[in-house]
>>> print(open('final_18.txt').read())   # compact mmCIF, C-alpha atoms
# COMPACT_ATOMS: atom_id res chain seq x y z
CA MET I 1332 0.00 0.00 0.00
CA ASP I 1333 1.17 3.53 -0.63
CA GLN I 1334 1.85 5.60 2.50
CA THR I 1335 -1.33 7.70 2.33
CA THR I 1336 -3.62 4.68 1.92
CA LYS I 1337 -1.79 2.78 4.65
CA GLN I 1338 -2.27 5.63 7.09
CA ALA I 1339 -5.93 6.13 6.16
CA VAL I 1340 -6.61 2.40 6.46
CA THR I 1341 -4.86 1.88 9.81
CA GLN I 1342 -6.58 4.93 11.29
CA ARG I 1343 -9.97 3.76 10.13
CA LEU I 1344 -9.35 0.26 11.46
CA ALA I 1345 -8.19 1.58 14.84
CA SER I 1346 -11.32 3.69 15.05
CA THR I 1347 -13.45 0.69 14.01
CA ALA I 1348 -11.89 -1.49 16.72
CA GLY I 1349 -12.80 1.24 19.22
CA HIS I 1350 -16.34 1.33 17.84
CA VAL I 1351 -16.71 -2.45 18.27
CA LYS I 1352 -15.45 -2.24 21.86
CA GLY I 1353 -17.98 0.53 22.46
CA ILE I 1354 -20.74 -1.74 21.17
CA ALA I 1355 -19.66 -4.46 23.62
CA ARG I 1356 -20.03 -1.87 26.40
CA MET I 1357 -23.46 -0.89 25.09
CA VAL I 1358 -24.53 -4.54 25.31
CA ASP I 1359 -23.12 -4.79 28.81
CA GLU I 1360 -25.16 -1.74 29.82
CA ASP I 1361 -28.35 -3.27 28.39
CA THR I 1362 -28.78 -0.93 25.44
CA TYR I 1363 -31.88 -1.70 23.39
CA CYS I 1364 -31.20 -4.58 20.95
CA ILE I 1365 -32.19 -2.71 17.82
CA ASP I 1366 -29.83 0.16 18.66
CA VAL I 1367 -27.02 -2.36 19.07
CA ILE I 1368 -27.78 -3.93 15.68
CA LYS I 1369 -27.77 -0.46 14.09
CA GLN I 1370 -24.30 0.18 15.50
CA ILE I 1371 -23.12 -3.16 14.12
CA HIS I 1372 -24.48 -2.15 10.72
CA ALA I 1373 -22.51 1.11 10.98
CA VAL I 1374 -19.32 -0.87 11.65
CA GLN I 1375 -20.00 -3.11 8.65
CA ALA I 1376 -20.51 -0.07 6.41
CA ALA I 1377 -17.24 1.42 7.72
CA LEU I 1378 -15.44 -1.85 6.92
CA ASN I 1379 -16.88 -1.82 3.39
CA LYS I 1380 -15.32 1.59 2.96
CA VAL I 1381 -11.94 0.31 4.20
CA SER I 1382 -12.04 -2.67 1.81
CA THR I 1383 -12.83 -0.31 -1.03
CA LEU I 1384 -9.86 1.92 -0.18
CA ILE I 1385 -7.55 -1.09 -0.09
CA LEU I 1386 -8.89 -2.50 -3.36
CA ASP I 1387 -8.49 0.88 -5.03
CA ASN I 1388 -4.86 1.05 -3.99
CA HIS I 1389 -4.29 -2.58 -4.99
CA LEU I 1390 -5.65 -1.95 -8.49
CA HIS I 1391 -3.33 1.04 -8.92
CA THR I 1392 -0.23 -0.83 -7.76
CA CYS I 1393 -0.01 -4.64 -7.86
CA VAL I 1394 -2.73 -5.17 -10.46
CA THR I 1395 -1.39 -2.49 -12.77
CA SER I 1396 2.17 -3.85 -12.50
CA ALA I 1397 1.07 -7.42 -13.09
CA ILE I 1398 -1.00 -6.51 -16.14
CA GLN I 1399 1.82 -4.44 -17.60
CA GLY I 1400 4.31 -7.23 -16.85
CA ASP I 1401 5.20 -10.27 -18.96
CA ASP I 1402 4.22 -13.02 -16.58
CA VAL I 1403 0.93 -14.37 -17.94
CA ALA I 1404 0.35 -16.72 -15.00
CA GLU I 1405 0.84 -13.91 -12.48
CA ARG I 1406 -1.55 -11.67 -14.40
CA GLU I 1407 -4.12 -14.44 -14.46
CA ALA I 1408 -3.70 -15.06 -10.73
CA ILE I 1409 -4.10 -11.41 -9.81
CA LEU I 1410 -7.26 -11.00 -11.88
CA LYS I 1411 -8.71 -14.13 -10.35
CA GLU I 1412 -8.17 -12.66 -6.89
CA ILE I 1413 -10.15 -9.55 -7.82
CA THR I 1414 -13.04 -11.63 -9.10
CA SER I 1415 -13.00 -13.79 -6.01
CA VAL I 1416 -12.95 -10.81 -3.63
CA PHE I 1417 -15.83 -9.28 -5.58
CA GLU I 1418 -17.84 -12.48 -5.37
CA VAL I 1419 -17.36 -12.80 -1.60
CA SER I 1420 -18.19 -9.14 -1.04
CA GLY I 1421 -21.55 -9.74 -2.72
CA LYS I 1422 -22.21 -12.45 -0.12
CA LEU I 1423 -21.74 -10.33 3.00
CA MET W 1374 -30.91 -9.48 26.45
CA ASP W 1375 -30.97 -12.63 28.52
CA GLN W 1376 -27.75 -13.40 30.39
CA THR W 1377 -26.53 -16.15 28.06
CA THR W 1378 -26.99 -14.06 24.92
CA LYS W 1379 -25.42 -11.04 26.58
CA GLN W 1380 -22.32 -13.02 27.48
CA ALA W 1381 -22.06 -14.66 24.06
CA VAL W 1382 -22.48 -11.29 22.33
CA THR W 1383 -19.97 -9.36 24.46
CA GLN W 1384 -17.39 -12.13 24.09
CA ARG W 1385 -17.82 -12.22 20.33
CA LEU W 1386 -17.61 -8.43 20.11
CA ALA W 1387 -14.46 -8.33 22.26
CA SER W 1388 -12.89 -10.96 20.03
CA THR W 1389 -13.99 -9.03 16.92
CA ALA W 1390 -12.43 -5.81 18.25
CA GLY W 1391 -9.19 -7.77 18.71
CA HIS W 1392 -9.48 -9.13 15.18
CA VAL W 1393 -9.87 -5.61 13.76
CA LYS W 1394 -6.82 -4.39 15.68
CA GLY W 1395 -4.91 -7.36 14.33
CA ILE W 1396 -5.89 -6.34 10.80
CA ALA W 1397 -4.56 -2.82 11.46
CA ARG W 1398 -1.24 -4.43 12.45
CA MET W 1399 -1.28 -6.57 9.29
CA VAL W 1400 -1.66 -3.40 7.23
CA ASP W 1401 1.16 -1.74 9.15
CA GLU W 1402 3.39 -4.73 8.38
CA ASP W 1403 2.57 -4.52 4.66
CA THR W 1404 0.49 -7.69 4.40
CA TYR W 1405 -0.74 -8.37 0.87
CA CYS W 1406 -3.87 -6.29 0.14
CA ILE W 1407 -6.07 -9.21 -0.83
CA ASP W 1408 -5.27 -11.02 2.42
CA VAL W 1409 -6.27 -7.90 4.34
CA ILE W 1410 -9.56 -7.68 2.47
CA LYS W 1411 -10.24 -11.37 3.24
CA GLN W 1412 -9.73 -10.69 6.94
CA ILE W 1413 -12.14 -7.74 6.74
CA HIS W 1414 -14.69 -10.06 5.12
CA ALA W 1415 -14.20 -12.50 8.02
CA VAL W 1416 -14.94 -9.70 10.50
CA GLN W 1417 -18.08 -8.73 8.59
CA ALA W 1418 -19.29 -12.35 8.62
CA ALA W 1419 -18.63 -12.53 12.37
CA LEU W 1420 -20.64 -9.33 12.88
CA ASN W 1421 -23.53 -10.80 10.86
CA LYS W 1422 -23.53 -13.70 13.28
CA VAL W 1423 -23.61 -11.32 16.27
CA SER W 1424 -26.52 -9.35 14.80
CA THR W 1425 -28.40 -12.59 14.22
CA LEU W 1426 -27.88 -13.66 17.84
CA ILE W 1427 -29.15 -10.31 19.08
CA LEU W 1428 -32.16 -10.35 16.77
CA ASP W 1429 -33.03 -13.88 17.85
CA ASN W 1430 -33.02 -12.84 21.48
CA HIS W 1431 -34.97 -9.67 20.69
CA LEU W 1432 -37.69 -11.66 18.94
CA HIS W 1433 -38.04 -13.97 21.93
CA THR W 1434 -38.24 -11.16 24.48
CA CYS W 1435 -39.31 -7.63 23.48
CA VAL W 1436 -41.10 -8.59 20.26
CA THR W 1437 -42.99 -11.44 21.89
CA SER W 1438 -44.04 -9.25 24.85
CA ALA W 1439 -45.15 -6.42 22.62
CA ILE W 1440 -47.20 -8.68 20.37
CA GLN W 1441 -48.84 -10.36 23.34
CA GLY W 1442 -49.50 -6.98 24.93
CA ASP W 1443 -52.42 -4.62 24.42
CA ASP W 1444 -50.59 -1.58 23.12
CA VAL W 1445 -51.28 -1.55 19.38
CA ALA W 1446 -48.96 1.40 18.71
CA GLU W 1447 -46.07 -0.30 20.49
CA ARG W 1448 -46.67 -3.52 18.60
CA GLU W 1449 -46.67 -1.62 15.33
CA ALA W 1450 -43.47 0.21 16.28
CA ILE W 1451 -41.63 -2.96 17.20
CA LEU W 1452 -42.58 -4.74 13.97
CA LYS W 1453 -41.50 -1.72 11.97
CA GLU W 1454 -38.07 -1.90 13.60
CA ILE W 1455 -37.65 -5.52 12.54
CA THR W 1456 -38.55 -4.68 8.96
CA SER W 1457 -36.20 -1.73 8.94
CA VAL W 1458 -33.28 -3.72 10.36
CA PHE W 1459 -33.94 -6.43 7.77
CA GLU W 1460 -33.95 -3.89 4.96
CA VAL W 1461 -30.66 -2.32 6.05
CA SER W 1462 -29.02 -5.71 6.50
CA GLY W 1463 -29.79 -6.48 2.86
CA LYS W 1464 -27.86 -3.33 1.92
CA LEU W 1465 -24.57 -4.18 3.63
CA MET E 881 -50.41 -12.09 2.19
CA ASP E 882 -53.09 -9.45 2.39
CA GLN E 883 -54.53 -8.32 -0.94
CA THR E 884 -52.67 -5.00 -1.14
CA THR E 885 -49.29 -6.56 -0.43
CA LYS E 886 -49.97 -9.41 -2.83
CA GLN E 887 -50.76 -6.99 -5.62
CA ALA E 888 -47.77 -4.77 -4.88
CA VAL E 889 -45.45 -7.77 -4.72
CA THR E 890 -46.66 -9.47 -7.92
CA GLN E 891 -46.49 -6.17 -9.82
CA ARG E 892 -42.95 -5.51 -8.62
CA LEU E 893 -41.89 -9.05 -9.46
CA ALA E 894 -43.41 -8.85 -12.95
CA SER E 895 -41.58 -5.60 -13.53
CA THR E 896 -38.35 -7.13 -12.18
CA ALA E 897 -38.67 -10.11 -14.53
CA GLY E 898 -39.00 -7.61 -17.40
CA HIS E 899 -35.95 -5.73 -16.14
CA VAL E 900 -33.89 -8.94 -16.10
CA LYS E 901 -34.99 -9.80 -19.65
CA GLY E 902 -33.99 -6.28 -20.68
CA ILE E 903 -30.53 -6.86 -19.19
CA ALA E 904 -30.19 -10.05 -21.23
CA ARG E 905 -30.94 -7.97 -24.34
CA MET E 906 -28.37 -5.36 -23.27
CA VAL E 907 -25.76 -8.13 -23.07
CA ASP E 908 -26.80 -9.43 -26.45
CA GLU E 909 -26.35 -5.96 -27.91
CA ASP E 910 -22.85 -5.68 -26.39
CA THR E 911 -23.63 -3.03 -23.78
CA TYR E 912 -20.58 -2.02 -21.76
CA CYS E 913 -19.95 -4.57 -18.96
CA ILE E 914 -20.00 -2.06 -16.11
CA ASP E 915 -23.39 -0.73 -17.23
CA VAL E 916 -24.74 -4.27 -17.23
CA ILE E 917 -23.43 -4.86 -13.70
CA LYS E 918 -25.09 -1.63 -12.56
CA GLN E 919 -28.42 -2.83 -13.93
CA ILE E 920 -27.98 -6.13 -12.10
CA HIS E 921 -27.35 -4.17 -8.91
CA ALA E 922 -30.56 -2.25 -9.52
CA VAL E 923 -32.48 -5.53 -9.82
CA GLN E 924 -30.97 -6.80 -6.58
CA ALA E 925 -31.96 -3.61 -4.79
CA ALA E 926 -35.50 -3.96 -6.15
CA LEU E 927 -35.64 -7.55 -4.89
CA ASN E 928 -34.49 -6.41 -1.44
CA LYS E 929 -37.45 -4.07 -1.42
CA VAL E 930 -39.81 -6.89 -2.38
CA SER E 931 -38.46 -9.16 0.38
CA THR E 932 -38.92 -6.35 2.87
CA LEU E 933 -42.55 -5.86 1.82
CA ILE E 934 -43.22 -9.58 2.19
CA LEU E 935 -41.50 -9.79 5.56
CA ASP E 936 -43.43 -6.78 6.81
CA ASN E 937 -46.71 -8.43 5.87
CA HIS E 938 -45.60 -11.77 7.34
CA LEU E 939 -44.78 -10.12 10.68
CA HIS E 940 -48.22 -8.50 10.81
CA THR E 941 -50.09 -11.71 9.97
CA CYS E 942 -48.54 -15.15 10.59
CA VAL E 943 -45.96 -14.04 13.14
CA THR E 944 -48.46 -12.01 15.13
CA SER E 945 -51.00 -14.86 15.15
CA ALA E 946 -48.42 -17.43 16.17
CA ILE E 947 -47.09 -15.29 19.00
CA GLN E 948 -50.58 -14.57 20.26
CA GLY E 949 -51.46 -18.25 19.96
CA ASP E 950 -50.94 -21.04 22.46
CA ASP E 951 -48.74 -23.34 20.43
CA VAL E 952 -45.24 -22.85 21.85
CA ALA E 953 -43.57 -25.04 19.22
CA GLU E 954 -45.20 -23.12 16.38
CA ARG E 955 -44.17 -19.80 17.93
CA GLU E 956 -40.60 -21.04 18.26
CA ALA E 957 -40.60 -22.27 14.66
CA ILE E 958 -41.88 -19.00 13.26
CA LEU E 959 -39.32 -16.91 15.16
CA LYS E 960 -36.54 -19.22 14.00
CA GLU E 961 -37.59 -18.62 10.39
CA ILE E 962 -37.29 -14.85 10.85
CA THR E 963 -33.81 -15.20 12.31
CA SER E 964 -32.77 -17.53 9.52
CA VAL E 965 -34.08 -15.23 6.78
CA PHE E 966 -32.29 -12.30 8.43
CA GLU E 967 -29.04 -14.24 8.57
CA VAL E 968 -29.19 -15.23 4.91
CA SER E 969 -30.10 -11.70 3.83
CA GLY E 970 -26.89 -10.50 5.48
CA LYS E 971 -24.98 -12.91 3.25
CA LEU E 972 -26.25 -11.68 -0.11
CA MET O 306 -17.81 -9.71 -23.76
CA ASP O 307 -16.26 -12.73 -25.40
CA GLN O 308 -18.70 -15.13 -27.06
CA THR O 309 -18.61 -17.81 -24.35
CA THR O 310 -19.25 -15.34 -21.53
CA LYS O 311 -21.99 -13.61 -23.51
CA GLN O 312 -23.79 -16.88 -24.05
CA ALA O 313 -23.40 -18.00 -20.44
CA VAL O 314 -24.61 -14.62 -19.18
CA THR O 315 -27.65 -14.34 -21.46
CA GLN O 316 -28.69 -17.91 -20.65
CA ARG O 317 -28.39 -17.31 -16.93
CA LEU O 318 -30.32 -14.05 -17.20
CA ALA O 319 -33.09 -15.68 -19.23
CA SER O 320 -33.35 -18.41 -16.63
CA THR O 321 -33.35 -15.81 -13.84
CA ALA O 322 -36.17 -13.87 -15.52
CA GLY O 323 -38.15 -17.13 -15.63
CA HIS O 324 -37.38 -17.74 -11.97
CA VAL O 325 -38.67 -14.27 -11.02
CA LYS O 326 -41.87 -14.84 -13.00
CA GLY O 327 -42.27 -18.16 -11.19
CA ILE O 328 -41.97 -16.34 -7.87
CA ALA O 329 -44.74 -13.95 -8.93
CA ARG O 330 -46.92 -16.99 -9.62
CA MET O 331 -46.02 -18.46 -6.20
CA VAL O 332 -47.20 -15.22 -4.59
CA ASP O 333 -50.38 -15.31 -6.61
CA GLU O 334 -51.03 -18.86 -5.41
CA ASP O 335 -50.51 -17.82 -1.77
CA THR O 336 -47.24 -19.64 -1.16
CA TYR O 337 -45.95 -19.21 2.39
CA CYS O 338 -44.12 -15.86 2.75
CA ILE O 339 -40.87 -17.30 4.02
CA ASP O 340 -40.64 -19.69 1.06
CA VAL O 341 -41.13 -16.74 -1.28
CA ILE O 342 -38.35 -14.80 0.45
CA LYS O 343 -36.04 -17.83 0.13
CA GLN O 344 -36.69 -17.95 -3.61
CA ILE O 345 -35.91 -14.23 -3.86
CA HIS O 346 -32.63 -14.90 -2.04
CA ALA O 347 -31.86 -17.63 -4.56
CA VAL O 348 -32.39 -15.16 -7.42
CA GLN O 349 -30.12 -12.63 -5.75
CA ALA O 350 -27.40 -15.25 -5.35
CA ALA O 351 -27.77 -16.21 -9.03
CA LEU O 352 -27.42 -12.55 -10.01
CA ASN O 353 -24.24 -12.25 -7.90
CA LYS O 354 -22.84 -15.12 -9.93
CA VAL O 355 -23.76 -13.38 -13.19
CA SER O 356 -22.13 -10.11 -12.08
CA THR O 357 -19.00 -12.03 -11.15
CA LEU O 358 -18.86 -13.69 -14.59
CA ILE O 359 -19.21 -10.32 -16.28
CA LEU O 360 -16.60 -8.67 -14.08
CA ASP O 361 -14.18 -11.51 -14.72
CA ASN O 362 -14.55 -11.08 -18.46
CA HIS O 363 -14.29 -7.29 -18.16
CA LEU O 364 -11.00 -7.58 -16.24
CA HIS O 365 -9.55 -9.86 -18.93
CA THR O 366 -10.57 -7.61 -21.81
CA CYS O 367 -11.26 -3.87 -21.31
CA VAL O 368 -9.34 -3.49 -18.06
CA THR O 369 -6.30 -5.37 -19.37
CA SER O 370 -6.27 -3.33 -22.62
CA ALA O 371 -6.64 -0.04 -20.79
CA ILE O 372 -3.87 -0.80 -18.34
CA GLN O 373 -1.55 -1.92 -21.12
CA GLY O 374 -2.45 1.16 -23.15
CA ASP O 375 -0.93 4.63 -23.04
CA ASP O 376 -3.99 6.65 -22.08
CA VAL O 377 -3.51 7.48 -18.40
CA ALA O 378 -6.95 9.09 -18.04
CA GLU O 379 -8.68 6.04 -19.51
CA ARG O 380 -6.74 3.73 -17.24
CA GLU O 381 -7.71 5.82 -14.24
CA ALA O 382 -11.36 5.84 -15.31
CA ILE O 383 -11.52 2.08 -15.77
CA LEU O 384 -9.97 1.37 -12.38
CA LYS O 385 -12.34 3.80 -10.74
CA GLU O 386 -15.28 1.89 -12.23
CA ILE O 387 -14.04 -1.37 -10.70
CA THR O 388 -13.73 0.24 -7.28
CA SER O 389 -17.16 1.76 -7.57
CA VAL O 390 -18.80 -1.50 -8.64
CA PHE O 391 -17.06 -3.27 -5.74
CA GLU O 392 -18.30 -0.66 -3.27
CA VAL O 393 -21.90 -0.92 -4.45
CA SER O 394 -21.80 -4.71 -4.42
CA GLY O 395 -20.87 -4.55 -0.74
CA LYS O 396 -24.06 -2.55 -0.16
CA LEU O 397 -26.52 -5.01 -1.64
>>> encode(input="final_18.txt", output="structure tokens")
Amino acid sequence: MDQTTKQAVTQRLASTAGHVKGIARMVDEDTYCIDVIKQIHAVQAALNKVSTLILDNHLHTCVTSAIQGDDVAEREAILKEITSVFEVSGKL
Amino acid sequence: MDQTTKQAVTQRLASTAGHVKGIARMVDEDTYCIDVIKQIHAVQAALNKVSTLILDNHLHTCVTSAIQGDDVAEREAILKEITSVFEVSGKL
Amino acid sequence: MDQTTKQAVTQRLASTAGHVKGIARMVDEDTYCIDVIKQIHAVQAALNKVSTLILDNHLHTCVTSAIQGDDVAEREAILKEITSVFEVSGKL
Amino acid sequence: MDQTTKQAVTQRLASTAGHVKGIARMVDEDTYCIDVIKQIHAVQAALNKVSTLILDNHLHTCVTSAIQGDDVAEREAILKEITSVFEVSGKL
């Protein structure tokens, strides 16, 4: 990852970890179930955003290099990974 | 939430918070992007499971009480919440 | 399903079937891949809406009757279905 | 799209359109709500598969050409589309 993406991603993940801990506290303090589920949804949306940032960076670096390179097998492998990540993301 | 669900949910959330922190470390140590995204997907699947546990408990407690109760407005409100949570969960 | 929901749902499904056929034509006429994927996303969002309508009606009819009824096993079964549908919807 | 993908995609879409019509009939014949929702989920999963097929083909054709080409703006645009499609797919 380039430095800017790396920093953005680690900051977002640190803040997400804090959010999840906060939700555990909410549960411990008997917050209403539906409000807890809404907070979990917010975390999942935040994680979608992080995945998108990482994928964007990945496309601009590794994927671009592989496609411009001469190694056909590597190119194939890297495209397959994108497809597979896309398929899983549609299942979450 | 009943005591068993509460304990299961807080434990899972604590473990998820740890997982997210671990992913931040992976990023910091330049783990391959696709492997990071896969870990994020794992966290999202774990959070789905937590939401499902909470909803299950909610249906057996608050929703059941409201539906068996006499307050039509409350019953309506509680069913609307379920529908709304279901709709959002289909968008994540 | 009550009559209003039934009509709304069948109309939306008929229109969705037409939308999907239209996408098949787009593919046949070599529409740009990304535009095809966007149309598929639109169909999936429309189907989410239909599921939500059906669930809403189900909660107000079958689920309400079962919870107000005396058959504990039936009540348990009907709540389990809601949880299971919620869990799957988080995976799509 | 290459010929094989195009054929696979149009066949799957035609079959999906038929499936959706079948669901409309199920609703008309008062099939149990939860069974209808399950069929809608099946359609959504089938559409995920179709999107994945199309994306896979797109990566091997347009995206590969653009990245190997000299037009920086086009390359940027095509990568941005992938990211955007990925982000939306995480929201469905």
>>> closest_atom_pairs(input="final_18.txt", of="chain I", to="chain E", cutoff="12 Å", atoms="all atoms listed in the file", output="tab-separated table")
residue	atom	partner	partner_atom	distance
I:Ile1368	CA	E:Phe966	CA	12.0
I:Ile1371	CA	E:Gly970	CA	11.9
I:His1372	CA	E:Gly970	CA	10.1
I:Gln1375	CA	E:Gly970	CA	10.6
I:Phe1417	CA	E:Ile917	CA	12.0
I:Glu1418	CA	E:Leu972	CA	10.0
I:Val1419	CA	E:Lys971	CA	9.0
I:Ser1420	CA	E:Leu972	CA	8.5
I:Gly1421	CA	E:Leu972	CA	5.7
I:Lys1422	CA	E:Leu972	CA	4.1
I:Leu1423	CA	E:Lys971	CA	4.1
>>> atom_distance(input="final_18.txt", atom1="CA of Ala347 (chain O)", atom2="CA of Leu318 (chain O)")
13.2 Å
>>> atom_distance(input="final_18.txt", atom1="CA of Ala319 (chain O)", atom2="CA of Ala351 (chain O)")
11.5 Å
>>> residues_around(input="final_18.txt", residues="region 310-317 of chain O", least_positions_apart="4", cutoff="12 Å", atoms="only C-alpha atoms", output="ChimeraX atom specification")
/E:900-913,916-917,920 /O:306,321-324,348,350-363,365-366
>>> write_last_selection(input="final_18.txt", atoms="C-alpha atoms", output="CSV table (one decimal), in the frame of the given file")
chain,number,residue,atom,x,y,z
E,900,VAL,CA,-33.9,-8.9,-16.1
E,901,LYS,CA,-35.0,-9.8,-19.6
E,902,GLY,CA,-34.0,-6.3,-20.7
E,903,ILE,CA,-30.5,-6.9,-19.2
E,904,ALA,CA,-30.2,-10.0,-21.2
E,905,ARG,CA,-30.9,-8.0,-24.3
E,906,MET,CA,-28.4,-5.4,-23.3
E,907,VAL,CA,-25.8,-8.1,-23.1
E,908,ASP,CA,-26.8,-9.4,-26.4
E,909,GLU,CA,-26.4,-6.0,-27.9
E,910,ASP,CA,-22.8,-5.7,-26.4
E,911,THR,CA,-23.6,-3.0,-23.8
E,912,TYR,CA,-20.6,-2.0,-21.8
E,913,CYS,CA,-20.0,-4.6,-19.0
E,916,VAL,CA,-24.7,-4.3,-17.2
E,917,ILE,CA,-23.4,-4.9,-13.7
E,920,ILE,CA,-28.0,-6.1,-12.1
O,306,MET,CA,-17.8,-9.7,-23.8
O,321,THR,CA,-33.4,-15.8,-13.8
O,322,ALA,CA,-36.2,-13.9,-15.5
O,323,GLY,CA,-38.2,-17.1,-15.6
O,324,HIS,CA,-37.4,-17.7,-12.0
O,348,VAL,CA,-32.4,-15.2,-7.4
O,350,ALA,CA,-27.4,-15.2,-5.4
O,351,ALA,CA,-27.8,-16.2,-9.0
O,352,LEU,CA,-27.4,-12.6,-10.0
O,353,ASN,CA,-24.2,-12.2,-7.9
O,354,LYS,CA,-22.8,-15.1,-9.9
O,355,VAL,CA,-23.8,-13.4,-13.2
O,356,SER,CA,-22.1,-10.1,-12.1
O,357,THR,CA,-19.0,-12.0,-11.2
O,358,LEU,CA,-18.9,-13.7,-14.6
O,359,ILE,CA,-19.2,-10.3,-16.3
O,360,LEU,CA,-16.6,-8.7,-14.1
O,361,ASP,CA,-14.2,-11.5,-14.7
O,362,ASN,CA,-14.6,-11.1,-18.5
O,363,HIS,CA,-14.3,-7.3,-18.2
O,365,HIS,CA,-9.6,-9.9,-18.9
O,366,THR,CA,-10.6,-7.6,-21.8
>>> atom_distance(input="final_18.txt", atom1="CA of Gly1400 (chain I)", atom2="CA of Lys385 (chain O)")
20.9 Å
>>> build_atoms(input="final_18.txt", residues="region 1351-1357 of chain I", atoms="all heavy atoms", output="PDB file, in the frame of the given file")
ATOM      1  N   VAL I1351     -16.240  -1.105  17.900  1.00  0.00           N
ATOM      2  CA  VAL I1351     -16.710  -2.450  18.270  1.00  0.00           C
ATOM      3  C   VAL I1351     -16.649  -2.633  19.790  1.00  0.00           C
ATOM      4  O   VAL I1351     -17.587  -3.169  20.398  1.00  0.00           O
ATOM      5  CB  VAL I1351     -15.891  -3.544  17.539  1.00  0.00           C
ATOM      6  CG1 VAL I1351     -16.295  -4.933  18.017  1.00  0.00           C
ATOM      7  CG2 VAL I1351     -16.092  -3.438  16.031  1.00  0.00           C
ATOM      8  N   LYS I1352     -15.552  -2.176  20.392  1.00  0.00           N
ATOM      9  CA  LYS I1352     -15.450  -2.240  21.860  1.00  0.00           C
ATOM     10  C   LYS I1352     -16.589  -1.461  22.508  1.00  0.00           C
ATOM     11  O   LYS I1352     -17.169  -1.877  23.509  1.00  0.00           O
ATOM     12  CB  LYS I1352     -14.134  -1.615  22.323  1.00  0.00           C
ATOM     13  CG  LYS I1352     -13.001  -2.590  22.440  1.00  0.00           C
ATOM     14  CD  LYS I1352     -11.837  -1.892  23.143  1.00  0.00           C
ATOM     15  CE  LYS I1352     -10.675  -2.829  23.373  1.00  0.00           C
ATOM     16  NZ  LYS I1352      -9.518  -2.087  23.938  1.00  0.00           N
ATOM     17  N   GLY I1353     -16.887  -0.293  21.934  1.00  0.00           N
ATOM     18  CA  GLY I1353     -17.980   0.530  22.460  1.00  0.00           C
ATOM     19  C   GLY I1353     -19.307  -0.203  22.380  1.00  0.00           C
ATOM     20  O   GLY I1353     -20.153  -0.097  23.275  1.00  0.00           O
ATOM     21  N   ILE I1354     -19.493  -0.973  21.311  1.00  0.00           N
ATOM     22  CA  ILE I1354     -20.740  -1.740  21.170  1.00  0.00           C
ATOM     23  C   ILE I1354     -20.818  -2.820  22.251  1.00  0.00           C
ATOM     24  O   ILE I1354     -21.881  -3.060  22.828  1.00  0.00           O
ATOM     25  CB  ILE I1354     -20.861  -2.353  19.748  1.00  0.00           C
ATOM     26  CG1 ILE I1354     -20.851  -1.232  18.680  1.00  0.00           C
ATOM     27  CG2 ILE I1354     -22.135  -3.161  19.616  1.00  0.00           C
ATOM     28  CD1 ILE I1354     -20.832  -1.731  17.238  1.00  0.00           C
ATOM     29  N   ALA I1355     -19.675  -3.457  22.547  1.00  0.00           N
ATOM     30  CA  ALA I1355     -19.660  -4.460  23.620  1.00  0.00           C
ATOM     31  C   ALA I1355     -20.093  -3.806  24.937  1.00  0.00           C
ATOM     32  O   ALA I1355     -20.872  -4.390  25.706  1.00  0.00           O
ATOM     33  CB  ALA I1355     -18.255  -5.073  23.753  1.00  0.00           C
ATOM     34  N   ARG I1356     -19.615  -2.596  25.179  1.00  0.00           N
ATOM     35  CA  ARG I1356     -20.030  -1.870  26.400  1.00  0.00           C
ATOM     36  C   ARG I1356     -21.525  -1.583  26.382  1.00  0.00           C
ATOM     37  O   ARG I1356     -22.213  -1.728  27.397  1.00  0.00           O
ATOM     38  CB  ARG I1356     -19.266  -0.542  26.521  1.00  0.00           C
ATOM     39  CG  ARG I1356     -18.016  -0.628  27.412  1.00  0.00           C
ATOM     40  CD  ARG I1356     -17.507   0.750  27.796  1.00  0.00           C
ATOM     41  NE  ARG I1356     -17.334   1.616  26.625  1.00  0.00           N
ATOM     42  CZ  ARG I1356     -16.256   1.625  25.843  1.00  0.00           C
ATOM     43  NH1 ARG I1356     -15.241   0.812  26.087  1.00  0.00           N
ATOM     44  NH2 ARG I1356     -16.176   2.428  24.797  1.00  0.00           N
ATOM     45  N   MET I1357     -22.023  -1.153  25.209  1.00  0.00           N
ATOM     46  CA  MET I1357     -23.460  -0.890  25.090  1.00  0.00           C
ATOM     47  C   MET I1357     -24.276  -2.128  25.481  1.00  0.00           C
ATOM     48  O   MET I1357     -25.298  -2.028  26.166  1.00  0.00           O
ATOM     49  CB  MET I1357     -23.828  -0.525  23.645  1.00  0.00           C
ATOM     50  CG  MET I1357     -23.416   0.868  23.207  1.00  0.00           C
ATOM     51  SD  MET I1357     -23.629   1.092  21.385  1.00  0.00           S
ATOM     52  CE  MET I1357     -25.425   1.011  21.225  1.00  0.00           C
TER      53      MET I1357
END
